[in-house]
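Dropping model-v4.txt in here (compact mmCIF, C-alpha atoms and all ligand atoms):
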# COMPACT_ATOMS: atom_id res chain seq x y z
CA MET A 439 45.95 32.97 162.82
CA ILE A 440 45.32 29.90 160.69
CA ILE A 441 46.36 29.65 157.02
CA PHE A 442 44.28 27.46 154.72
CA ASN A 443 45.19 26.43 151.17
CA TYR A 444 42.15 24.28 150.45
CA ILE A 445 38.48 25.17 150.07
CA GLU A 446 37.28 22.12 151.96
CA GLN A 447 39.36 23.00 155.04
CA ILE A 448 38.34 26.65 155.24
CA LYS A 449 34.68 25.76 154.69
CA ILE A 450 34.72 23.40 157.68
CA CYS A 451 36.36 26.03 159.87
CA LEU A 452 33.88 28.73 158.82
CA SER A 453 30.77 26.58 159.07
CA ASN A 454 31.64 25.71 162.68
CA LEU A 455 32.01 29.42 163.40
CA LYS A 456 28.77 30.40 161.71
CA HIS A 457 26.86 27.76 163.65
CA SER A 458 28.02 29.49 166.80
CA GLY A 459 26.48 32.75 165.51
CA LYS A 460 29.73 34.64 164.82
CA THR A 461 29.79 37.27 162.06
CA VAL A 462 32.46 36.98 159.39
CA GLY A 463 34.23 39.92 157.69
CA PHE A 464 36.17 39.22 154.50
CA VAL A 465 39.05 41.13 152.89
CA PRO A 466 40.09 39.79 149.46
CA THR A 467 43.60 40.76 148.33
CA MET A 468 46.29 39.83 145.85
CA GLY A 469 48.98 40.02 148.54
CA ALA A 470 52.10 42.25 148.61
CA LEU A 471 50.28 43.88 151.46
CA HIS A 472 50.67 47.44 152.71
CA GLN A 473 48.90 49.67 155.19
CA GLY A 474 46.02 50.19 152.71
CA HIS A 475 45.14 46.50 152.92
CA ILE A 476 45.68 46.50 156.67
CA SER A 477 43.20 49.36 157.08
CA LEU A 478 40.54 47.06 155.57
CA ILE A 479 41.45 44.31 158.07
CA GLU A 480 41.21 46.81 160.91
CA LYS A 481 37.79 47.98 159.76
CA ALA A 482 36.60 44.37 159.47
CA LYS A 483 37.98 43.68 162.94
CA GLN A 484 35.93 46.57 164.38
CA GLN A 485 32.70 45.40 162.74
CA CYS A 486 32.87 41.59 162.77
CA ASP A 487 33.59 38.76 165.21
CA PHE A 488 35.93 36.95 162.83
CA VAL A 489 38.13 38.25 160.00
CA VAL A 490 39.15 36.27 156.93
CA SER A 491 41.53 37.56 154.29
CA SER A 492 42.46 35.90 151.02
CA ILE A 493 45.74 36.17 149.16
CA PHE A 494 45.39 35.12 145.54
CA VAL A 495 46.97 36.72 142.49
CA ASN A 496 44.09 36.19 140.09
CA PRO A 497 45.34 35.70 136.51
CA THR A 498 41.98 36.38 134.87
CA GLN A 499 41.92 40.04 135.90
CA PHE A 500 45.27 40.80 134.26
CA ASN A 501 45.13 41.91 130.67
CA ASP A 502 48.90 42.25 130.46
CA LEU A 503 50.86 39.01 130.91
CA ASN A 504 54.00 40.94 131.82
CA ASP A 505 52.15 42.72 134.64
CA LEU A 506 50.94 39.34 135.95
CA LYS A 507 54.44 37.83 135.84
CA LYS A 508 55.98 40.81 137.61
CA TYR A 509 53.23 41.27 140.20
CA PRO A 510 55.02 41.36 143.59
CA ARG A 511 54.57 38.30 145.80
CA SER A 512 55.49 38.19 149.49
CA LEU A 513 53.32 35.59 151.22
CA GLN A 514 55.41 35.22 154.39
CA ALA A 515 55.68 38.95 155.08
CA ASP A 516 51.96 39.31 154.24
CA CYS A 517 51.03 36.70 156.84
CA VAL A 518 53.13 38.45 159.48
CA MET A 519 51.29 41.73 158.76
CA LEU A 520 47.88 40.05 158.77
CA GLU A 521 48.50 38.30 162.06
CA LYS A 522 49.71 41.55 163.65
CA ALA A 523 46.53 43.29 162.45
CA GLY A 524 44.37 40.65 164.12
CA CYS A 525 43.28 38.66 161.06
CA ASP A 526 41.93 35.27 162.16
CA VAL A 527 42.15 33.21 158.98
CA VAL A 528 44.07 33.51 155.71
CA PHE A 529 42.94 31.71 152.58
CA SER A 530 45.86 31.29 150.22
CA PRO A 531 44.85 28.85 147.47
CA GLU A 532 46.80 27.62 144.46
CA ILE A 533 45.28 28.37 141.07
CA ASN A 534 43.83 24.85 140.61
CA GLU A 535 41.86 25.25 143.83
CA ILE A 536 40.00 28.26 142.40
CA TYR A 537 39.76 27.33 138.71
CA THR A 538 38.81 24.04 137.06
CA SER A 539 41.32 22.41 134.72
CA GLU A 540 39.03 23.41 131.83
CA GLU A 541 39.13 27.06 132.97
CA ILE A 542 42.92 26.94 133.34
CA LYS A 543 43.25 25.54 129.81
CA LEU A 544 41.08 28.36 128.45
CA MET A 545 43.06 30.87 130.48
CA GLN A 546 46.34 29.73 128.93
CA GLN A 547 44.91 29.74 125.41
CA GLN A 548 43.07 33.03 125.60
CA ILE A 549 45.00 35.45 127.78
CA GLU A 550 43.72 38.36 125.72
CA ASP A 551 40.13 37.24 125.13
CA LYS A 552 38.25 37.25 128.40
CA THR A 553 34.76 36.61 127.06
CA TRP A 554 34.79 32.96 128.15
CA MET A 555 35.03 33.96 131.80
CA LEU A 556 31.54 35.04 132.65
CA ASP A 557 30.05 31.93 134.19
CA MET A 558 27.39 34.07 135.82
CA VAL A 559 24.57 36.21 134.56
CA VAL A 560 25.88 39.66 135.33
CA ASP A 561 25.51 42.74 133.20
CA PHE A 562 27.39 45.75 134.48
CA GLY A 563 25.61 48.06 132.06
CA MET A 564 27.66 51.22 131.60
CA LEU A 565 29.67 50.70 134.82
CA ASP A 566 32.41 48.71 133.07
CA LYS A 567 32.40 50.64 129.80
CA VAL A 568 34.44 53.57 131.13
CA MET A 569 37.87 54.21 132.66
CA GLU A 570 39.44 50.92 133.87
CA GLY A 571 36.82 48.91 131.99
CA ALA A 572 37.66 50.69 128.75
CA TYR A 573 41.44 50.51 129.22
CA ARG A 574 41.71 46.98 130.64
CA LYS A 575 39.64 44.68 128.46
CA GLY A 576 38.12 41.84 130.50
CA HIS A 577 39.57 43.14 133.77
CA PHE A 578 36.26 43.50 135.62
CA ASN A 579 34.97 40.18 134.29
CA GLY A 580 38.06 38.63 135.90
CA VAL A 581 37.55 40.54 139.15
CA ALA A 582 33.85 39.62 139.33
CA GLN A 583 34.64 36.01 138.49
CA VAL A 584 37.18 35.54 141.28
CA VAL A 585 35.32 37.62 143.88
CA SER A 586 32.07 35.71 143.25
CA LYS A 587 33.97 32.42 143.66
CA LEU A 588 35.57 33.67 146.89
CA PHE A 589 32.22 34.96 148.20
CA ARG A 590 30.69 31.52 147.60
CA ILE A 591 33.54 29.85 149.50
CA ILE A 592 33.74 32.26 152.45
CA GLU A 593 30.06 33.36 152.61
CA PRO A 594 30.93 36.44 154.67
CA ASP A 595 28.46 38.80 156.33
CA LYS A 596 30.47 41.81 155.22
CA ALA A 597 33.25 42.30 152.65
CA TYR A 598 35.70 45.19 152.59
CA PHE A 599 37.07 46.97 149.52
CA GLY A 600 39.23 50.08 149.10
CA GLN A 601 37.99 53.25 147.43
CA LYS A 602 41.39 53.35 145.77
CA ASP A 603 39.75 51.02 143.23
CA PHE A 604 36.56 53.05 143.13
CA GLN A 605 35.21 51.50 139.95
CA GLN A 606 35.92 47.99 141.27
CA LEU A 607 33.89 48.82 144.36
CA ALA A 608 30.92 49.83 142.16
CA ILE A 609 31.30 46.63 140.11
CA ILE A 610 31.35 44.44 143.24
CA ARG A 611 28.26 46.18 144.65
CA SER A 612 26.45 45.62 141.34
CA MET A 613 27.57 41.99 141.09
CA THR A 614 26.54 41.16 144.65
CA LYS A 615 23.12 42.68 144.09
CA GLN A 616 22.58 40.92 140.76
CA LEU A 617 23.64 37.53 142.13
CA GLY A 618 21.31 38.02 145.11
CA MET A 619 24.13 37.59 147.62
CA SER A 620 23.31 38.93 151.07
CA ILE A 621 26.78 40.31 151.72
CA GLU A 622 27.20 43.91 152.86
CA ILE A 623 29.89 45.65 150.80
CA ILE A 624 31.88 48.19 152.79
CA GLY A 625 33.99 50.82 150.98
CA CYS A 626 37.05 52.08 152.88
CA PRO A 627 39.05 55.30 152.35
CA ILE A 628 42.32 55.46 150.41
CA VAL A 629 45.43 55.15 152.56
CA ARG A 630 48.31 57.31 151.35
CA GLU A 631 52.03 57.52 151.97
CA VAL A 632 53.17 60.60 153.94
CA ASP A 633 53.97 62.35 150.64
CA GLY A 634 50.44 61.71 149.34
CA LEU A 635 51.08 58.79 146.98
CA ALA A 636 48.19 56.32 147.20
CA MET A 637 49.56 53.07 148.59
CA SER A 638 49.69 50.30 146.01
CA SER A 639 51.43 46.94 145.73
CA ARG A 640 52.79 48.17 142.39
CA ASN A 641 54.64 51.07 144.08
CA THR A 642 57.42 48.65 145.04
CA ARG A 643 58.17 48.27 141.33
CA LEU A 644 58.89 51.99 140.87
CA SER A 645 62.54 53.02 140.42
CA LYS A 646 63.98 55.54 142.90
CA GLU A 647 63.43 58.38 140.41
CA GLN A 648 59.90 57.24 139.59
CA ARG A 649 59.06 56.95 143.29
CA GLU A 650 60.33 60.48 143.88
CA LEU A 651 58.14 61.79 141.07
CA ALA A 652 55.02 59.75 141.92
CA PRO A 653 53.55 62.06 144.63
CA VAL A 654 52.85 64.56 141.83
CA ILE A 655 49.82 62.39 140.97
CA SER A 656 48.01 63.17 144.22
CA ILE A 657 49.29 66.77 144.19
CA ILE A 658 47.59 67.37 140.82
CA LEU A 659 44.46 65.49 141.91
CA PHE A 660 44.13 67.54 145.08
CA LYS A 661 44.71 70.70 143.07
CA SER A 662 41.73 69.69 140.91
CA LYS A 663 39.64 69.44 144.08
CA GLU A 664 40.62 73.00 144.99
CA LEU A 665 39.89 74.30 141.50
CA TYR A 666 36.62 72.63 140.58
CA GLN A 667 34.47 75.47 141.91
CA SER A 668 36.22 78.09 139.81
CA LEU A 669 36.49 76.13 136.52
CA THR A 670 33.95 74.38 134.29
CA VAL A 671 34.26 70.60 133.98
CA GLY A 672 35.85 71.04 130.54
CA GLU A 673 38.33 73.65 131.80
CA LEU A 674 39.27 71.52 134.79
CA LYS A 675 39.84 68.47 132.60
CA SER A 676 42.04 70.44 130.20
CA PHE A 677 43.99 71.96 133.07
CA VAL A 678 44.70 68.59 134.70
CA GLU A 679 45.51 66.85 131.42
CA LYS A 680 47.96 69.63 130.59
CA GLU A 681 49.61 69.32 134.01
CA PHE A 682 50.14 65.57 133.58
CA ASN A 683 51.18 65.85 129.95
CA SER A 684 53.84 68.41 130.88
CA ILE A 685 55.73 65.69 132.81
CA PRO A 686 57.75 63.67 130.28
CA GLN A 687 58.03 60.53 132.45
CA ILE A 688 54.24 60.32 132.77
CA ASN A 689 52.04 58.74 130.14
CA LEU A 690 48.47 59.80 130.99
CA GLU A 691 45.80 57.21 130.12
CA TYR A 692 42.75 59.07 131.32
CA PHE A 693 41.56 61.78 133.66
CA GLU A 694 37.79 61.65 134.10
CA ILE A 695 35.30 63.52 136.24
CA VAL A 696 32.40 61.13 136.80
CA ASP A 697 29.24 60.69 138.84
CA VAL A 698 30.06 58.64 141.98
CA ASN A 699 27.11 56.31 141.42
CA THR A 700 26.87 55.81 137.66
CA LEU A 701 30.58 56.41 136.93
CA GLN A 702 29.53 58.23 133.75
CA PRO A 703 31.38 61.44 132.85
CA ILE A 704 29.62 64.57 134.03
CA LEU A 705 29.35 67.58 131.74
CA GLU A 706 28.61 70.14 134.41
CA TYR A 707 28.54 70.20 138.18
CA SER A 708 25.15 69.76 139.80
CA GLN A 709 23.96 69.98 143.38
CA THR A 710 22.08 66.70 143.07
CA GLN A 711 25.08 64.52 142.26
CA SER A 712 28.51 63.86 143.76
CA ALA A 713 31.52 63.78 141.48
CA ILE A 714 34.83 61.98 141.67
CA ALA A 715 37.99 62.72 139.69
CA CYS A 716 39.79 59.55 138.58
CA VAL A 717 43.18 59.21 136.97
CA SER A 718 45.17 56.41 135.40
CA LEU A 719 48.69 56.82 134.09
CA LYS A 720 51.90 55.01 133.43
CA LEU A 721 55.19 55.87 135.06
CA GLY A 722 57.58 53.89 132.90
CA GLU A 723 55.88 50.50 132.63
CA ILE A 724 54.12 50.78 135.99
CA ARG A 725 50.43 51.58 135.74
CA LEU A 726 49.04 53.61 138.65
CA ILE A 727 45.51 54.79 139.47
CA ASP A 728 44.21 57.29 142.00
CA ASN A 729 41.09 59.33 142.66
CA VAL A 730 39.63 62.10 144.78
CA ILE A 731 36.00 62.90 145.58
CA LEU A 732 35.44 66.46 144.34
CA TYR A 733 32.12 67.10 146.11
P1 LIG A 801 44.68 44.34 145.74
O1 LIG A 801 45.54 43.46 146.57
O2 LIG A 801 45.41 45.41 145.00
O3 LIG A 801 43.71 43.57 144.88
O4 LIG A 801 43.77 45.15 146.76
C1 LIG A 801 42.97 44.49 147.71
C2 LIG A 801 42.07 45.50 148.35
O5 LIG A 801 42.84 46.52 148.98
C3 LIG A 801 41.16 46.21 147.33
O6 LIG A 801 39.87 46.34 147.88
C4 LIG A 801 41.83 47.55 147.17
O7 LIG A 801 40.95 48.58 146.78
C5 LIG A 801 42.36 47.79 148.58
N1 LIG A 801 43.44 48.77 148.56
C6 LIG A 801 44.55 48.76 147.78
N2 LIG A 801 45.28 49.87 147.99
C7 LIG A 801 44.62 50.60 148.92
C8 LIG A 801 44.86 51.86 149.55
N3 LIG A 801 45.93 52.59 149.28
N4 LIG A 801 43.96 52.29 150.46
C9 LIG A 801 42.85 51.56 150.77
N5 LIG A 801 42.57 50.37 150.20
C10 LIG A 801 43.43 49.90 149.29
Could you take the file, read its structure, and then write that structure out as structure tokens?
Amino acid sequence: MIIFNYIEQIKICLSNLKHSGKTVGFVPTMGALHQGHISLIEKAKQQCDFVVSSIFVNPTQFNDLNDLKKYPRSLQADCVMLEKAGCDVVFSPEINEIYTSEEIKLMQQQIEDKTWMLDMVVDFGMLDKVMEGAYRKGHFNGVAQVVSKLFRIIEPDKAYFGQKDFQQLAIIRSMTKQLGMSIEIIGCPIVREVDGLAMSSRNTRLSKEQRELAPVISIILFKSKELYQSLTVGELKSFVEKEFNSIPQINLEYFEIVDVNTLQPILEYSQTQSAIACVSLKLGEIRLIDNVILY
């Protein structure tokens, strides 16, 4: 496995490969890797000749400076995991390799105001007006900005994203289409711990007590999947909200039942659409998200 820090180097490596007709699969990450990330590498490995992963903690997608500062970083251990999983190339750039000095200046001045970031003509319509988009101002602009930059550097045939970040997956699909990029976006299932907690880099920041409590998130979500046929959407939402609100350590941000394609809240179940239940909450200062497809 080769590790590149510079765009010029990785571009030379990849252009040689592409000339020999090899297909490239790409897995963007922010590091602090776990089996969820590795499942994306494994999928890419099955479907492509050559697998590239990036490790870059992208400041522009954080709307909370404290969260950015405390985001776990473990580059060496990450590289060991990637190599074991069969990753061929890692791209691990410094911030000034991805952003211009002008962009970095703006970033430092305007942590909270992300409107300067959209250097591309992309309108997510209603996709980014709900859930994560509503709670994390500028988050998806930051995600789209860095992923579009990485796509232009790597130029993969396929790119792999987890359904754990279901809304992000929809945003990336929309962005790729709007920018006319011929990259196939592959969504991969959520990988969970044995006790059901969705794997997340942020889980390492949970205290022992918080970690013990955290599986309740997936327990309640899976209960909602069992109950949806016997309750109306409104009843199910109230039930789940009550369950979360009855746990003092949990600060529920949202529980939404939305259409899997439009991500807009559904008012009643219908046979012509699939629905997904999405939750975001805080356990102490750690923000966790999870979801389950209802039908
Ligand atoms: P991150 O490093 O958090 O930006 O995540 C990089 C990629 O890994 C994203 O596409 C995530 O959706 C995906 N991912 C994170 N956690 C999981 C998980 N538990 N299962 C599957 N994919 C995941």
Problem set entry | Contacts to ligand LIG 801 (chain A) at 6 Å cut-off (all atoms listed in the file) as a VMD selection string | chain A and resid 466 to 469 474 to 475 599 to 603 627 to 630 636 to 638
Next, the residues of the selection above should be written as a PDB file, in the coordinates of the input with C-alpha atoms.
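selection04.pdb was written with the following content:
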ATOM      1  CA  PRO A 466      40.090  39.790 149.460  1.00  0.00           C
ATOM      2  CA  THR A 467      43.600  40.760 148.330  1.00  0.00           C
ATOM      3  CA  MET A 468      46.290  39.830 145.850  1.00  0.00           C
ATOM      4  CA  GLY A 469      48.980  40.020 148.540  1.00  0.00           C
ATOM      5  CA  GLY A 474      46.020  50.190 152.710  1.00  0.00           C
ATOM      6  CA  HIS A 475      45.140  46.500 152.920  1.00  0.00           C
ATOM      7  CA  PHE A 599      37.070  46.970 149.520  1.00  0.00           C
ATOM      8  CA  GLY A 600      39.230  50.080 149.100  1.00  0.00           C
ATOM      9  CA  GLN A 601      37.990  53.250 147.430  1.00  0.00           C
ATOM     10  CA  LYS A 602      41.390  53.350 145.770  1.00  0.00           C
ATOM     11  CA  ASP A 603      39.750  51.020 143.230  1.00  0.00           C
ATOM     12  CA  PRO A 627      39.050  55.300 152.350  1.00  0.00           C
ATOM     13  CA  ILE A 628      42.320  55.460 150.410  1.00  0.00           C
ATOM     14  CA  VAL A 629      45.430  55.150 152.560  1.00  0.00           C
ATOM     15  CA  ARG A 630      48.310  57.310 151.350  1.00  0.00           C
ATOM     16  CA  ALA A 636      48.190  56.320 147.200  1.00  0.00           C
ATOM     17  CA  MET A 637      49.560  53.070 148.590  1.00  0.00           C
ATOM     18  CA  SER A 638      49.690  50.300 146.010  1.00  0.00           C
TER      19      SER A 638
END
Record the distance separating CA of Leu719 in chain A and CA of Ser645 in chain A, expressed in Å with one decimal.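 Result for CA of Leu719 in chain A versus CA of Ser645 in chain A: 15.7 Å, one decimal.
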task = Go through A:Leu651, A:Ile727, A:Ala523, A:Ile685 and flag the residue nearest Ser477 in chain A, using only C-alpha atoms for the distances.
result =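 Selected residue with least distance to Ser477 in chain A: A:Ala523.
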Could you give me, as a ChimeraX atom specification, the residues within 9 Å of Leu705 in chain A, counting only C-alpha atoms and dropping anything in the same chain fewer than 2 positions from it?
/A:670-672,695-696,703,707
Given the choices A:Glu593, A:Asp566, A:Glu521, A:Asp526, which gets closest to Thr700 in chain A if the distance is worked out from all atoms listed in the file?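 Among the listed residues, A:Asp566 lies closest to Thr700 in chain A.
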As an MDAnalysis selection string, please: the residues near Glu535 in chain A (cut-off 9 Å, all atoms listed in the file, same-chain neighbours under 3 positions excluded). chainID A and resid 443:445 531:532 538
query = Separation of CA of Glu694 in chain A and CA of Val654 in chain A, in Å?
reply =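 Going from CA of Glu694 in chain A over to CA of Val654 in chain A, I get 17.2 Å.
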Pairwise distance, CA of Lys567 in chain A with CA of Leu635 in chain A, equals 26.7 Å
With N, CA, C and O atoms as the target, complete range 686-708 of chain A and hand it back as a PDB file, in the frame of the given file.
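Written file, rebuild.pdb:
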ATOM      1  N   PRO A 686      57.357  64.620 131.331  1.00  0.00           N
ATOM      2  CA  PRO A 686      57.750  63.670 130.280  1.00  0.00           C
ATOM      3  C   PRO A 686      57.701  62.201 130.726  1.00  0.00           C
ATOM      4  O   PRO A 686      57.393  61.321 129.919  1.00  0.00           O
ATOM      5  N   GLN A 687      57.994  61.940 131.997  1.00  0.00           N
ATOM      6  CA  GLN A 687      58.030  60.530 132.450  1.00  0.00           C
ATOM      7  C   GLN A 687      56.629  59.935 132.592  1.00  0.00           C
ATOM      8  O   GLN A 687      56.473  58.741 132.778  1.00  0.00           O
ATOM      9  N   ILE A 688      55.604  60.804 132.544  1.00  0.00           N
ATOM     10  CA  ILE A 688      54.240  60.320 132.770  1.00  0.00           C
ATOM     11  C   ILE A 688      53.502  60.168 131.448  1.00  0.00           C
ATOM     12  O   ILE A 688      53.514  61.050 130.598  1.00  0.00           O
ATOM     13  N   ASN A 689      52.865  58.993 131.312  1.00  0.00           N
ATOM     14  CA  ASN A 689      52.040  58.740 130.140  1.00  0.00           C
ATOM     15  C   ASN A 689      50.583  58.643 130.633  1.00  0.00           C
ATOM     16  O   ASN A 689      50.178  57.621 131.173  1.00  0.00           O
ATOM     17  N   LEU A 690      49.841  59.746 130.463  1.00  0.00           N
ATOM     18  CA  LEU A 690      48.470  59.800 130.990  1.00  0.00           C
ATOM     19  C   LEU A 690      47.549  58.910 130.168  1.00  0.00           C
ATOM     20  O   LEU A 690      47.518  59.003 128.947  1.00  0.00           O
ATOM     21  N   GLU A 691      46.801  58.019 130.841  1.00  0.00           N
ATOM     22  CA  GLU A 691      45.800  57.210 130.120  1.00  0.00           C
ATOM     23  C   GLU A 691      44.465  57.934 130.102  1.00  0.00           C
ATOM     24  O   GLU A 691      43.862  58.125 129.068  1.00  0.00           O
ATOM     25  N   TYR A 692      43.978  58.283 131.288  1.00  0.00           N
ATOM     26  CA  TYR A 692      42.750  59.070 131.320  1.00  0.00           C
ATOM     27  C   TYR A 692      42.681  59.909 132.591  1.00  0.00           C
ATOM     28  O   TYR A 692      43.275  59.557 133.617  1.00  0.00           O
ATOM     29  N   PHE A 693      41.991  61.034 132.486  1.00  0.00           N
ATOM     30  CA  PHE A 693      41.560  61.780 133.660  1.00  0.00           C
ATOM     31  C   PHE A 693      40.086  62.052 133.437  1.00  0.00           C
ATOM     32  O   PHE A 693      39.710  62.678 132.449  1.00  0.00           O
ATOM     33  N   GLU A 694      39.234  61.519 134.298  1.00  0.00           N
ATOM     34  CA  GLU A 694      37.790  61.650 134.100  1.00  0.00           C
ATOM     35  C   GLU A 694      37.133  62.226 135.352  1.00  0.00           C
ATOM     36  O   GLU A 694      37.542  61.895 136.479  1.00  0.00           O
ATOM     37  N   ILE A 695      36.127  63.046 135.128  1.00  0.00           N
ATOM     38  CA  ILE A 695      35.300  63.520 136.240  1.00  0.00           C
ATOM     39  C   ILE A 695      33.939  62.850 136.058  1.00  0.00           C
ATOM     40  O   ILE A 695      33.260  63.079 135.049  1.00  0.00           O
ATOM     41  N   VAL A 696      33.591  61.972 137.002  1.00  0.00           N
ATOM     42  CA  VAL A 696      32.400  61.130 136.800  1.00  0.00           C
ATOM     43  C   VAL A 696      31.477  61.193 138.021  1.00  0.00           C
ATOM     44  O   VAL A 696      31.893  61.544 139.125  1.00  0.00           O
ATOM     45  N   ASP A 697      30.229  60.801 137.772  1.00  0.00           N
ATOM     46  CA  ASP A 697      29.240  60.690 138.840  1.00  0.00           C
ATOM     47  C   ASP A 697      29.637  59.521 139.751  1.00  0.00           C
ATOM     48  O   ASP A 697      29.973  58.439 139.251  1.00  0.00           O
ATOM     49  N   VAL A 698      29.595  59.709 141.063  1.00  0.00           N
ATOM     50  CA  VAL A 698      30.060  58.640 141.980  1.00  0.00           C
ATOM     51  C   VAL A 698      29.220  57.383 141.906  1.00  0.00           C
ATOM     52  O   VAL A 698      29.702  56.301 142.240  1.00  0.00           O
ATOM     53  N   ASN A 699      27.965  57.505 141.475  1.00  0.00           N
ATOM     54  CA  ASN A 699      27.110  56.310 141.420  1.00  0.00           C
ATOM     55  C   ASN A 699      27.126  55.626 140.061  1.00  0.00           C
ATOM     56  O   ASN A 699      27.300  54.414 139.960  1.00  0.00           O
ATOM     57  N   THR A 700      26.968  56.426 139.000  1.00  0.00           N
ATOM     58  CA  THR A 700      26.870  55.810 137.660  1.00  0.00           C
ATOM     59  C   THR A 700      28.236  55.636 137.008  1.00  0.00           C
ATOM     60  O   THR A 700      28.378  54.884 136.054  1.00  0.00           O
ATOM     61  N   LEU A 701      29.226  56.375 137.492  1.00  0.00           N
ATOM     62  CA  LEU A 701      30.580  56.410 136.930  1.00  0.00           C
ATOM     63  C   LEU A 701      30.620  56.980 135.504  1.00  0.00           C
ATOM     64  O   LEU A 701      31.631  56.835 134.801  1.00  0.00           O
ATOM     65  N   GLN A 702      29.531  57.618 135.085  1.00  0.00           N
ATOM     66  CA  GLN A 702      29.530  58.230 133.750  1.00  0.00           C
ATOM     67  C   GLN A 702      30.067  59.657 133.849  1.00  0.00           C
ATOM     68  O   GLN A 702      29.821  60.346 134.859  1.00  0.00           O
ATOM     69  N   PRO A 703      30.800  60.097 132.821  1.00  0.00           N
ATOM     70  CA  PRO A 703      31.380  61.440 132.850  1.00  0.00           C
ATOM     71  C   PRO A 703      30.290  62.493 133.058  1.00  0.00           C
ATOM     72  O   PRO A 703      29.197  62.365 132.517  1.00  0.00           O
ATOM     73  N   ILE A 704      30.589  63.490 133.868  1.00  0.00           N
ATOM     74  CA  ILE A 704      29.620  64.570 134.030  1.00  0.00           C
ATOM     75  C   ILE A 704      30.048  65.755 133.165  1.00  0.00           C
ATOM     76  O   ILE A 704      31.244  65.989 132.935  1.00  0.00           O
ATOM     77  N   LEU A 705      29.055  66.460 132.637  1.00  0.00           N
ATOM     78  CA  LEU A 705      29.350  67.580 131.740  1.00  0.00           C
ATOM     79  C   LEU A 705      29.358  68.897 132.484  1.00  0.00           C
ATOM     80  O   LEU A 705      30.088  69.809 132.146  1.00  0.00           O
ATOM     81  N   GLU A 706      28.518  68.982 133.512  1.00  0.00           N
ATOM     82  CA  GLU A 706      28.610  70.140 134.410  1.00  0.00           C
ATOM     83  C   GLU A 706      28.254  69.738 135.833  1.00  0.00           C
ATOM     84  O   GLU A 706      27.552  68.761 136.048  1.00  0.00           O
ATOM     85  N   TYR A 707      28.780  70.516 136.771  1.00  0.00           N
ATOM     86  CA  TYR A 707      28.540  70.200 138.180  1.00  0.00           C
ATOM     87  C   TYR A 707      27.066  70.410 138.498  1.00  0.00           C
ATOM     88  O   TYR A 707      26.426  71.298 137.948  1.00  0.00           O
ATOM     89  N   SER A 708      26.540  69.570 139.398  1.00  0.00           N
ATOM     90  CA  SER A 708      25.150  69.760 139.800  1.00  0.00           C
ATOM     91  C   SER A 708      25.033  69.458 141.292  1.00  0.00           C
ATOM     92  O   SER A 708      25.794  68.647 141.831  1.00  0.00           O
TER      93      SER A 708
END
